[in-house]
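Asks: This structure is in structure tokens; I'll ask about it shortly.
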Protein chains: 2
Amino acid sequence: MSFNDTSSRKITIADVAALAGVSRAIASRALSPEERPVSAEKKARVLAAAEQLGFKPNLIARSLKSRTLNLVAVVVNHIHDFSDLVLFDRLIAAIQDTGKQVVLLRVGSLDRVEEFLRNGVAWHVDAALVFSDFADAATVRTMFRNDRVVMLNGMRDANAPSIVADEATPIAAAVAHARARGKTRAVLVTGRQTSPVEQARIAAYRAALAAQGLALLAEHVGDYSYESGRSLSAAVLREGPEAAIFATADAMAMGVIDAGRADIARKPGDWAFYGFDALPLARSEAYPISSIGYDLEAYIARVIEHLRQPELFERPAGVITIPGSFMPHPSCGGPAAFERWPAEG
Amino acid sequence: MSFNDTSSRKITIADVAALAGVSRAIASRALSPEERPVSAEKKARVLAAAEQLGFKPNLIARSLKSRTLNLVAVVVNHIHDFSDLVLFDRLIAAIQDTGKQVVLLRVGSLDRVEEFLRNGVAWHVDAALVFSDFADAATVRTMFRNDRVVMLNGMRDANAPSIVADEATPIAAAVAHARARGKTRAVLVTGRQTSPVEQARIAAYRAALAAQGLALLAEHVGDYSYESGRSLSAAVLREGPEAAIFATADAMAMGVIDAGRADIARKPGDWAFYGFDALPLARSEAYPISSIGYDLEAYIARVIEHLRQPELFERPAGVITIPGSFMPHPSCGGPAAFERWPAEG
DNA sequence: CTGTTAGCGCCTTCAC
DNA sequence: GTGAAGGCGCTAACAG
């Protein structure tokens with residue numbers, strides 16, 4: 001492999017052992033990250049020899065025995081939403097802090113996912129963190145040949161932990177907020193309805209609206225994107241400011257507002273927009289959107305917990321719920337823009 | 001490994017060989033993707049046996065000989081900017097389309113990067129795509145023990161290809177656009193100045209402003225983020241609408257505008273905002289920002305080319321330049337919002 | 001504590 | 001065309 005290992009020849013543990021004048025096993029033990037029985041004196045000699053030769057252990061050979069590559073799969077449909085930025089950035093940093101590395105699998109565009117998996121290292125991960133809803137937990141376990149699956153896509157499974165944000169509570173709070181502003185009607189703007197998370201949100205909205213006596217005039221289906229909000233704007237705004245507008249993503253609410261600024265100006269009144277994800281932008285002057293967020297630090301902490309304590313997979317805790325919170329826009333009762341939200345810890 | 005391989009025991013090629021009644025070597029040849037000397041009859045038996053047992057070759061064992069895990073490292077400082085969403089989503093999809101998988105390495109928060117690398121599979125990648133500027137090409141090659149490094153961070157190196165967008169041309173166009181609007185003064189809002197890409201942008205702006213006779217009144221340093229634009233807003237807007245405002249990220253320009261909406265309203269006039277990244281939001285009604293983008297498809301195509309044709313690394317093409325383009329905001333001469341930009345081809 | 005031995009699963013000579 | 005044997009680099013198991 002000329003491209004690999006710029007130095008002439010690859011240094012193996014045998015070379016180190018030879019130079020140190022010990023057996024390969026001793027060298028292996030001295031070089032092991034864990035504490036193994038080696039005399040201090042020989043260990044020092046081995047380490048010196050390794051240093052001198054520039055020895056780098058071959059991970060693949062090690063894995064052949066140890067059966068772990070210290071790899072974690074993060075499985076997503078795609079990277080798309082604004083809220084993904086902070087989520088994946090922090091999650092990857094946290095995973096790396098455990099000493100593991102991340103294979104990012106984007107299954108949105110793969111038809112033969114299983115075959116793809118089999119032909120790559122993802123086949124050998126320590127655990128799979130599943131955001132995508134391309135398959136249920138049982139299928140994911142089979143595909144990864146691995147029981148360590150964390151469902152982060154809203155799917156529940158008896159044999160895999162699933163971690164979800166409590167959205168029903170803040171959704172009820174949002175609806176109550178609209179009610180307090182005098183709204184008695186509502187319009188819903190949703191995302192991909194095949195997603196379990198989305199289904200739960202929609203159900204929660206319907207329930208809260210019914211419970212608090214707001215009439216649901218219409219549901220419009222988008223895809224969480226700003227662009228989809230724009231294209232739905234005219235239909236969404238048709239009911240006028242008397243109807244509160246609830247979107248399952250801030251980005252969609254932003255699109256509704258931008259494409260409809262003329263409409264909105266034409267019918268002045270107390271327009272009430274509600275979103276999801278607690279994007280900083282949605283707290284800005286440009287977009288009067290109240291939003292729903294969750295405690296990202298806590299969420300990530302629970303995920304990482306499973307990586308650090310694999311025994312947690314043996315008796316899955318079922319559904320682990322992270323608190324969510326409703327944050328009114330600064331213009332209607334919320335804290336000033338860009339103060340920290342409680343949920344951001 | 002109880003957690004791995006839900007089925008009772010792992011099927012090896014020896015099991016297949018035994019069931020087919022042939023030697024392991026024959027089984028290996030029959031199962032090989034390439035054509036190897038095996039009688040048609042035995043090959044059929046082996047394939048049937050493999051199918052029956054659900055045999056899946058062990059990638060790690062294979063890699064021990066073949067020395068490739070079909071892995072590509074994508075090295076980033078962090079995932080942070082709005083523009084990262086579409087870039088990484090498309091890049092990862094494209095890499096996966098080559099049959100390879102992606103290890104995403106976030107080095108922004110790692111102090112001992114080299115040690116981290118050595119202890120993970122990233123050590124054994126086929127190639128490293130480097131967006132981060134944490135190290136120069138030579139160092140990256142050493143750290144990955146791999147000569148296949150593509151520098152996407154603006155750094156140049158005689159022994160590694162680097163792929164960059166041509167930003168000088170659109171920057172000159174942006175300045176000319178401001179000049180045509182009658183601006184004779186300018187304010188610059190920059191990102192992290194340690195980044196080579198950013199240094200090139202700043203230099204291009206200074207040159208274009210000087211060439212076209214605009215006075216550079218001030219430079220303000222942000223970090224590409226919306227929030228940094230907000231905090232610089234008052235200072236940036238101080239010069240009034242007579243000065244064109246050039247930011248090296250749309251997000252910063254958006255922050256400047258949002259935090260300064262009162263200022264802007266107080267001093268009416270032809271405020272001229274220029275950004276970078278061609279975010280959809282910056283083409284919206286909410287933000288009158290003209291922006292600079294590049295041909296993302298072409299950019300990704302050139303990266304993928306290197307993965308598909310590793311021989312390209314043997315004689316690096318030096319700096320590969322992708323065309324960039326200036327897009328005026330719809331409100332000042334650009335195409336209507338949300339038409340496709342030429343650069344999105 | 002130390003060294004020898006025997007694999008991990010696969011592939012590739014090399015004789016037959 | 002076939003099979004036995006050896007090795008990729010490392011580590012666990014077993015004696016010493």
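Residue numbering restarts at 1 for every chain of the structure tokens, chains are lettered A, B, ... in their displayed order, and ligands are numbered from 1 as they appear.
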Can you pull out every residue within 9 Å of Val221 in chain A, counting only C-alpha atoms (C1' of nucleotides), but drop anything in the same chain fewer than 4 positions away, and send it as a ChimeraX atom specification?
Replies: /A:188-193,228,232
Asks: I need the residues from that last selection saved to file as a CSV table (one decimal), in the first residue's frame (with C-alpha atoms), if you can.
Replies:
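Output file again.csv follows:
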```
chain,number,residue,atom,x,y,z
A,188,LEU,CA,-51.8,23.4,12.0
A,189,VAL,CA,-48.8,23.2,9.7
A,190,THR,CA,-47.1,19.8,9.9
A,191,GLY,CA,-44.0,18.0,8.7
A,192,ARG,CA,-43.6,14.5,7.3
A,193,GLN,CA,-46.5,12.7,8.7
A,228,SER,CA,-42.4,24.3,2.4
A,232,LEU,CA,-48.1,26.9,2.1
```
Asks: Give one line per residue of chain C that approaches chain A to at most 10 Å, naming the two atoms of the closest pair and their distance in Å to one decimal, counting only C-alpha atoms (C1' of nucleotides); sort by chain then ascending residue number and deliver it as JSON lines.
Replies:
```
{"residue": "C:DC1", "atom": "C1'", "partner": "A:Val38", "partner_atom": "CA", "distance": 6.2}
{"residue": "C:DT2", "atom": "C1'", "partner": "A:Ile26", "partner_atom": "CA", "distance": 7.5}
{"residue": "C:DG3", "atom": "C1'", "partner": "A:Ser23", "partner_atom": "CA", "distance": 6.3}
{"residue": "C:DT4", "atom": "C1'", "partner": "A:Ser23", "partner_atom": "CA", "distance": 9.1}
{"residue": "C:DG7", "atom": "C1'", "partner": "A:Lys65", "partner_atom": "CA", "distance": 9.2}
{"residue": "C:DC8", "atom": "C1'", "partner": "A:Lys65", "partner_atom": "CA", "distance": 4.9}
{"residue": "C:DG9", "atom": "C1'", "partner": "A:Leu64", "partner_atom": "CA", "distance": 8.0}
```
Asks: Those residues you just picked out, can you put them in a file as an mmCIF file, in the first residue's frame with N, CA and C atoms (P, O5', C5', C4', C3', O3' and C1' of nucleotides)?
Replies:
```
data_model
loop_
_atom_site.group_PDB
_atom_site.id
_atom_site.type_symbol
_atom_site.label_atom_id
_atom_site.label_comp_id
_atom_site.auth_asym_id
_atom_site.auth_seq_id
_atom_site.Cartn_x
_atom_site.Cartn_y
_atom_site.Cartn_z
ATOM 1 P P DC C 1 3.225 -8.212 38.479
ATOM 2 O "O5'" DC C 1 4.451 -9.032 37.959
ATOM 3 C "C5'" DC C 1 5.657 -8.456 37.532
ATOM 4 C "C4'" DC C 1 6.475 -9.574 36.940
ATOM 5 C "C3'" DC C 1 6.578 -9.499 35.424
ATOM 6 O "O3'" DC C 1 7.959 -9.519 35.068
ATOM 7 C "C1'" DC C 1 5.956 -11.689 36.092
ATOM 8 P P DT C 2 8.397 -9.095 33.630
ATOM 9 O "O5'" DT C 2 8.296 -10.460 32.840
ATOM 10 C "C5'" DT C 2 9.338 -11.423 32.971
ATOM 11 C "C4'" DT C 2 8.986 -12.668 32.217
ATOM 12 C "C3'" DT C 2 8.810 -12.469 30.723
ATOM 13 O "O3'" DT C 2 10.000 -12.895 30.079
ATOM 14 C "C1'" DT C 2 7.239 -14.017 31.639
ATOM 15 P P DG C 3 10.283 -12.483 28.556
ATOM 16 O "O5'" DG C 3 9.838 -13.802 27.793
ATOM 17 C "C5'" DG C 3 10.410 -15.043 28.181
ATOM 18 C "C4'" DG C 3 9.538 -16.176 27.676
ATOM 19 C "C3'" DG C 3 9.314 -16.164 26.160
ATOM 20 O "O3'" DG C 3 9.713 -17.422 25.636
ATOM 21 C "C1'" DG C 3 7.262 -16.453 27.324
ATOM 22 P P DT C 4 9.893 -17.582 24.048
ATOM 23 O "O5'" DT C 4 8.871 -18.768 23.763
ATOM 24 C "C5'" DT C 4 8.688 -19.790 24.749
ATOM 25 C "C4'" DT C 4 7.366 -20.504 24.529
ATOM 26 C "C3'" DT C 4 7.005 -20.713 23.050
ATOM 27 O "O3'" DT C 4 6.686 -22.077 22.865
ATOM 28 C "C1'" DT C 4 5.170 -19.780 24.219
ATOM 29 P P DG C 7 -5.958 -23.373 18.309
ATOM 30 O "O5'" DG C 7 -5.467 -22.575 16.981
ATOM 31 C "C5'" DG C 7 -6.401 -21.786 16.250
ATOM 32 C "C4'" DG C 7 -6.990 -20.682 17.107
ATOM 33 C "C3'" DG C 7 -7.832 -19.712 16.280
ATOM 34 O "O3'" DG C 7 -9.097 -19.537 16.867
ATOM 35 C "C1'" DG C 7 -6.037 -18.546 17.371
ATOM 36 P P DC C 8 -10.347 -19.347 15.916
ATOM 37 O "O5'" DC C 8 -10.582 -17.768 15.833
ATOM 38 C "C5'" DC C 8 -11.104 -17.022 16.915
ATOM 39 C "C4'" DC C 8 -11.098 -15.560 16.516
ATOM 40 C "C3'" DC C 8 -11.563 -15.325 15.086
ATOM 41 O "O3'" DC C 8 -12.920 -14.876 15.122
ATOM 42 C "C1'" DC C 8 -9.505 -14.116 15.584
ATOM 43 P P DG C 9 -14.027 -15.731 14.369
ATOM 44 O "O5'" DG C 9 -13.751 -15.423 12.838
ATOM 45 C "C5'" DG C 9 -14.061 -14.143 12.312
ATOM 46 C "C4'" DG C 9 -13.472 -14.033 10.933
ATOM 47 C "C3'" DG C 9 -13.959 -15.082 9.934
ATOM 48 O "O3'" DG C 9 -14.531 -14.383 8.858
ATOM 49 C "C1'" DG C 9 -11.602 -14.866 9.865
#
```
Asks: Considering only C-alpha atoms, tabulate each residue of range 78-174 of chain B that lies at most 10 Å from range 207-217 of chain B along with its nearest interatomic pair and the corresponding distance in Å to one decimal; arrange the rows by chain and ascending residue number and present them as JSON lines.
Replies:
```
{"residue": "B:Ala168", "atom": "CA", "partner": "B:Ala208", "partner_atom": "CA", "distance": 8.3}
{"residue": "B:Thr169", "atom": "CA", "partner": "B:Ala208", "partner_atom": "CA", "distance": 9.2}
{"residue": "B:Ile171", "atom": "CA", "partner": "B:Ala208", "partner_atom": "CA", "distance": 7.2}
{"residue": "B:Ala172", "atom": "CA", "partner": "B:Ala208", "partner_atom": "CA", "distance": 5.3}
{"residue": "B:Ala173", "atom": "CA", "partner": "B:Ala208", "partner_atom": "CA", "distance": 8.7}
{"residue": "B:Ala174", "atom": "CA", "partner": "B:Ala208", "partner_atom": "CA", "distance": 9.0}
```
Asks: Residues as selected, N, CA and C atoms, written as a PDB file, in the first residue's frame, can you do that?
Replies:
```pdb
ATOM      1  N   ALA B 168     -12.894  35.437  -5.455  1.00  0.00           N
ATOM      2  CA  ALA B 168     -12.423  36.775  -5.820  1.00  0.00           C
ATOM      3  C   ALA B 168     -13.322  37.396  -6.889  1.00  0.00           C
ATOM      4  N   THR B 169     -13.714  36.581  -7.868  1.00  0.00           N
ATOM      5  CA  THR B 169     -14.547  37.113  -8.953  1.00  0.00           C
ATOM      6  C   THR B 169     -15.908  37.600  -8.440  1.00  0.00           C
ATOM      7  N   ILE B 171     -16.697  38.397  -5.475  1.00  0.00           N
ATOM      8  CA  ILE B 171     -16.492  39.506  -4.534  1.00  0.00           C
ATOM      9  C   ILE B 171     -16.332  40.812  -5.314  1.00  0.00           C
ATOM     10  N   ALA B 172     -15.565  40.749  -6.383  1.00  0.00           N
ATOM     11  CA  ALA B 172     -15.413  41.948  -7.211  1.00  0.00           C
ATOM     12  C   ALA B 172     -16.763  42.371  -7.787  1.00  0.00           C
ATOM     13  N   ALA B 173     -17.568  41.376  -8.155  1.00  0.00           N
ATOM     14  CA  ALA B 173     -18.889  41.689  -8.707  1.00  0.00           C
ATOM     15  C   ALA B 173     -19.772  42.351  -7.650  1.00  0.00           C
ATOM     16  N   ALA B 174     -19.660  41.863  -6.418  1.00  0.00           N
ATOM     17  CA  ALA B 174     -20.464  42.438  -5.338  1.00  0.00           C
ATOM     18  C   ALA B 174     -20.072  43.891  -5.102  1.00  0.00           C
TER      19      ALA B 174
END
```
Asks: Work out how far CA of Ala138 in chain B is from CA of Glu314 in chain B, in Å to one decimal.
Replies: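 Between CA of Glu314 in chain B and CA of Ala138 in chain B the gap is 14.7 Å.
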Asks: Running DSSP on the backbone, which parts of range 81-313 of chain B land in alpha helix (DSSP H), as an MDAnalysis selection string?
Replies: chainID B and resid 82:97 113:118 137:144 168:180 196:211 226:237 250:259 261:266 296:308
Asks: What is the distance between C1' of DT5 in chain C and C1' of DC14 in chain D, in Å to one decimal?
Replies: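 Going from C1' of DT5 in chain C over to C1' of DC14 in chain D, I get 8.1 Å.
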Asks: Step one, run DSSP on the backbone; step two, keep only residues of range 107-148 of chain A assigned to strand (DSSP E); then write them as a list in words.
Replies: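 So the strand (DSSP E) residues in range 107-148 of chain A would be Ala127, Ala128, Leu129 and Val130 of chain A.
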Asks: Give as a ChimeraX atom specification every residue of chain B that touches chain A within 6 Å, counting only C-alpha atoms.
Replies: /B:3-5,79-80,85,89,102-104,145-147,258,285
Asks: May I have the residues from that selection written out with all heavy atoms, as a CSV table (one decimal), in the first residue's frame?
Replies:
```
chain,number,residue,atom,x,y,z
B,3,PHE,N,-23.8,-9.1,23.0
B,3,PHE,CA,-24.5,-8.0,22.5
B,3,PHE,C,-24.5,-8.0,20.9
B,3,PHE,O,-25.3,-7.4,20.3
B,3,PHE,CB,-23.9,-6.7,22.9
B,3,PHE,CG,-22.5,-6.4,22.4
B,3,PHE,CD1,-22.4,-5.7,21.2
B,3,PHE,CD2,-21.4,-6.9,23.0
B,3,PHE,CE1,-21.1,-5.5,20.7
B,3,PHE,CE2,-20.1,-6.7,22.5
B,3,PHE,CZ,-20.0,-6.0,21.3
B,4,ASN,N,-23.5,-8.7,20.4
B,4,ASN,CA,-23.3,-8.7,19.0
B,4,ASN,C,-23.9,-10.0,18.4
B,4,ASN,O,-23.9,-11.0,19.0
B,4,ASN,CB,-21.8,-8.6,18.7
B,4,ASN,CG,-21.6,-7.7,17.5
B,4,ASN,OD1,-22.5,-7.0,17.0
B,4,ASN,ND2,-20.4,-7.6,17.0
B,5,ASP,N,-24.3,-9.9,17.2
B,5,ASP,CA,-24.8,-11.1,16.5
B,5,ASP,C,-25.9,-11.8,17.3
B,5,ASP,O,-25.7,-12.7,18.0
B,5,ASP,CB,-23.6,-12.1,16.4
B,5,ASP,CG,-24.0,-13.2,15.4
B,5,ASP,OD1,-25.2,-13.2,14.9
B,5,ASP,OD2,-23.2,-14.0,15.1
B,79,ILE,N,-19.7,21.5,13.4
B,79,ILE,CA,-20.8,21.7,12.5
B,79,ILE,C,-21.6,22.9,13.0
B,79,ILE,O,-22.1,22.8,14.1
B,79,ILE,CB,-21.7,20.5,12.4
B,79,ILE,CG1,-20.9,19.3,12.1
B,79,ILE,CG2,-22.8,20.7,11.4
B,79,ILE,CD1,-21.6,18.0,12.2
B,80,HIS,N,-21.7,23.9,12.3
B,80,HIS,CA,-22.0,25.2,13.0
B,80,HIS,C,-22.9,26.1,12.1
B,80,HIS,O,-23.9,26.6,12.5
B,80,HIS,CB,-20.8,25.9,13.4
B,80,HIS,CG,-21.0,27.2,14.1
B,80,HIS,ND1,-21.4,27.3,15.4
B,80,HIS,CD2,-20.8,28.5,13.7
B,80,HIS,CE1,-21.5,28.5,15.7
B,80,HIS,NE2,-21.2,29.3,14.7
B,85,LEU,N,-25.3,22.7,6.5
B,85,LEU,CA,-26.4,21.7,6.3
B,85,LEU,C,-26.4,21.1,4.9
B,85,LEU,O,-26.4,19.9,4.8
B,85,LEU,CB,-27.8,22.4,6.6
B,85,LEU,CG,-28.1,22.7,8.0
B,85,LEU,CD1,-29.4,23.5,8.1
B,85,LEU,CD2,-28.3,21.3,8.7
B,89,ASP,N,-24.8,17.4,3.9
B,89,ASP,CA,-25.8,16.4,3.5
B,89,ASP,C,-25.5,15.9,2.1
B,89,ASP,O,-25.5,14.6,1.9
B,89,ASP,CB,-27.2,17.1,3.5
B,89,ASP,CG,-28.3,16.1,3.3
B,89,ASP,OD1,-28.4,15.2,4.1
B,89,ASP,OD2,-29.0,16.2,2.3
B,102,VAL,N,-18.7,7.0,6.0
B,102,VAL,CA,-18.1,8.2,6.4
B,102,VAL,C,-17.8,8.2,7.9
B,102,VAL,O,-18.8,8.0,8.7
B,102,VAL,CB,-19.0,9.4,6.1
B,102,VAL,CG1,-18.5,10.7,6.7
B,102,VAL,CG2,-19.2,9.5,4.6
B,103,VAL,N,-16.6,8.5,8.3
B,103,VAL,CA,-16.4,8.8,9.7
B,103,VAL,C,-16.3,10.3,9.8
B,103,VAL,O,-15.5,10.9,9.2
B,103,VAL,CB,-15.0,8.3,10.2
B,103,VAL,CG1,-15.0,8.2,11.7
B,103,VAL,CG2,-14.6,7.1,9.6
B,104,LEU,N,-17.1,10.9,10.7
B,104,LEU,CA,-17.1,12.3,10.8
B,104,LEU,C,-16.3,12.7,12.0
B,104,LEU,O,-16.6,12.3,13.1
B,104,LEU,CB,-18.6,12.8,11.0
B,104,LEU,CG,-18.8,14.3,10.9
B,104,LEU,CD1,-18.1,14.9,9.7
B,104,LEU,CD2,-20.2,14.7,11.0
B,145,ARG,N,-1.5,8.8,8.7
B,145,ARG,CA,-0.6,7.9,8.1
B,145,ARG,C,-1.1,7.5,6.7
B,145,ARG,O,-1.2,6.4,6.3
B,145,ARG,CB,-0.7,6.6,9.0
B,145,ARG,CG,0.6,5.8,9.0
B,145,ARG,CD,0.6,4.7,9.9
B,145,ARG,NE,-0.6,3.8,9.7
B,145,ARG,CZ,-0.8,2.7,10.3
B,145,ARG,NH1,0.1,2.2,11.2
B,145,ARG,NH2,-1.9,1.9,10.1
B,146,ASN,N,-1.5,8.5,5.9
B,146,ASN,CA,-2.2,8.3,4.7
B,146,ASN,C,-1.9,9.5,3.8
B,146,ASN,O,-2.0,10.7,4.2
B,146,ASN,CB,-3.7,8.2,5.0
B,146,ASN,CG,-4.5,7.8,3.8
B,146,ASN,OD1,-4.2,8.1,2.7
B,146,ASN,ND2,-5.4,6.9,4.1
B,147,ASP,N,-1.5,9.2,2.6
B,147,ASP,CA,-1.2,10.3,1.6
B,147,ASP,C,-2.4,10.9,0.9
B,147,ASP,O,-2.3,11.8,0.2
B,147,ASP,CB,-0.2,9.9,0.6
B,147,ASP,CG,1.2,9.7,1.2
B,147,ASP,OD1,1.4,10.3,2.3
B,147,ASP,OD2,2.1,9.0,0.7
B,258,ASP,N,-31.2,42.2,12.0
B,258,ASP,CA,-32.2,42.0,13.0
B,258,ASP,C,-32.0,42.8,14.2
B,258,ASP,O,-32.9,43.5,14.7
B,258,ASP,CB,-32.3,40.5,13.4
B,258,ASP,CG,-33.1,39.7,12.5
B,258,ASP,OD1,-33.9,40.3,11.8
B,258,ASP,OD2,-33.0,38.5,12.5
B,285,GLU,N,-37.8,38.0,1.8
B,285,GLU,CA,-38.2,39.4,2.0
B,285,GLU,C,-37.7,39.9,3.4
B,285,GLU,O,-37.6,41.1,3.5
B,285,GLU,CB,-39.8,39.4,2.1
B,285,GLU,CG,-40.4,39.0,0.7
B,285,GLU,CD,-40.3,37.5,0.4
B,285,GLU,OE1,-39.8,36.8,1.3
B,285,GLU,OE2,-40.8,37.2,-0.7
```
Asks: Counting only C-alpha atoms (C1' of nucleotides), figure out which residue out of A:Arg179, A:Arg29, A:Arg185, A:Arg283 gets nearest to DA12 in chain D.
Replies: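 Closest residue, counting only C-alpha atoms (C1' of nucleotides): A:Arg29.
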Asks: With only C-alpha atoms (C1' of nucleotides) considered, list every residue of chain D at most 9 Å from chain A, as an mmCIF file with N, CA, C and O atoms (P, O5', C5', C4', C3', O3' and C1' of nucleotides), in the first residue's frame.
Replies:
```cif
data_model
loop_
_atom_site.group_PDB
_atom_site.id
_atom_site.type_symbol
_atom_site.label_atom_id
_atom_site.label_comp_id
_atom_site.auth_asym_id
_atom_site.auth_seq_id
_atom_site.Cartn_x
_atom_site.Cartn_y
_atom_site.Cartn_z
ATOM 1 P P DC D 8 2.920 -12.033 8.274
ATOM 2 O "O5'" DC D 8 1.795 -10.917 8.193
ATOM 3 C "C5'" DC D 8 1.333 -10.393 6.952
ATOM 4 C "C4'" DC D 8 -0.018 -9.751 7.186
ATOM 5 C "C3'" DC D 8 -0.103 -9.054 8.543
ATOM 6 O "O3'" DC D 8 0.138 -7.657 8.355
ATOM 7 C "C1'" DC D 8 -2.061 -10.441 8.101
ATOM 8 P P DG D 9 1.403 -6.994 9.085
ATOM 9 O "O5'" DG D 9 0.877 -6.823 10.581
ATOM 10 C "C5'" DG D 9 -0.173 -5.912 10.837
ATOM 11 C "C4'" DG D 9 -0.694 -6.172 12.237
ATOM 12 C "C3'" DG D 9 0.359 -6.069 13.343
ATOM 13 O "O3'" DG D 9 -0.043 -5.028 14.209
ATOM 14 C "C1'" DG D 9 -0.984 -8.004 13.602
ATOM 15 P P DC D 10 0.577 -4.843 15.652
ATOM 16 O "O5'" DC D 10 -0.436 -5.688 16.535
ATOM 17 C "C5'" DC D 10 -1.815 -5.316 16.533
ATOM 18 C "C4'" DC D 10 -2.612 -6.311 17.342
ATOM 19 C "C3'" DC D 10 -2.196 -6.399 18.809
ATOM 20 O "O3'" DC D 10 -3.231 -5.874 19.613
ATOM 21 C "C1'" DC D 10 -2.503 -8.562 17.826
ATOM 22 P P DT D 11 -2.945 -5.659 21.153
ATOM 23 O "O5'" DT D 11 -3.681 -6.903 21.822
ATOM 24 C "C5'" DT D 11 -4.900 -7.335 21.275
ATOM 25 C "C4'" DT D 11 -5.287 -8.667 21.881
ATOM 26 C "C3'" DT D 11 -5.040 -8.817 23.381
ATOM 27 O "O3'" DT D 11 -6.126 -9.563 23.877
ATOM 28 C "C1'" DT D 11 -3.998 -10.572 22.256
ATOM 29 P P DA D 12 -6.563 -9.466 25.395
ATOM 30 O "O5'" DA D 12 -7.097 -10.936 25.704
ATOM 31 C "C5'" DA D 12 -7.984 -11.552 24.773
ATOM 32 C "C4'" DA D 12 -7.948 -13.063 24.973
ATOM 33 C "C3'" DA D 12 -7.962 -13.502 26.433
ATOM 34 O "O3'" DA D 12 -8.786 -14.663 26.538
ATOM 35 C "C1'" DA D 12 -5.959 -14.248 25.390
#
```
Asks: Quick one: distance from CA of Met151 in chain A to CA of Phe131 in chain A in Å, one decimal?
Replies: 6.8 Å
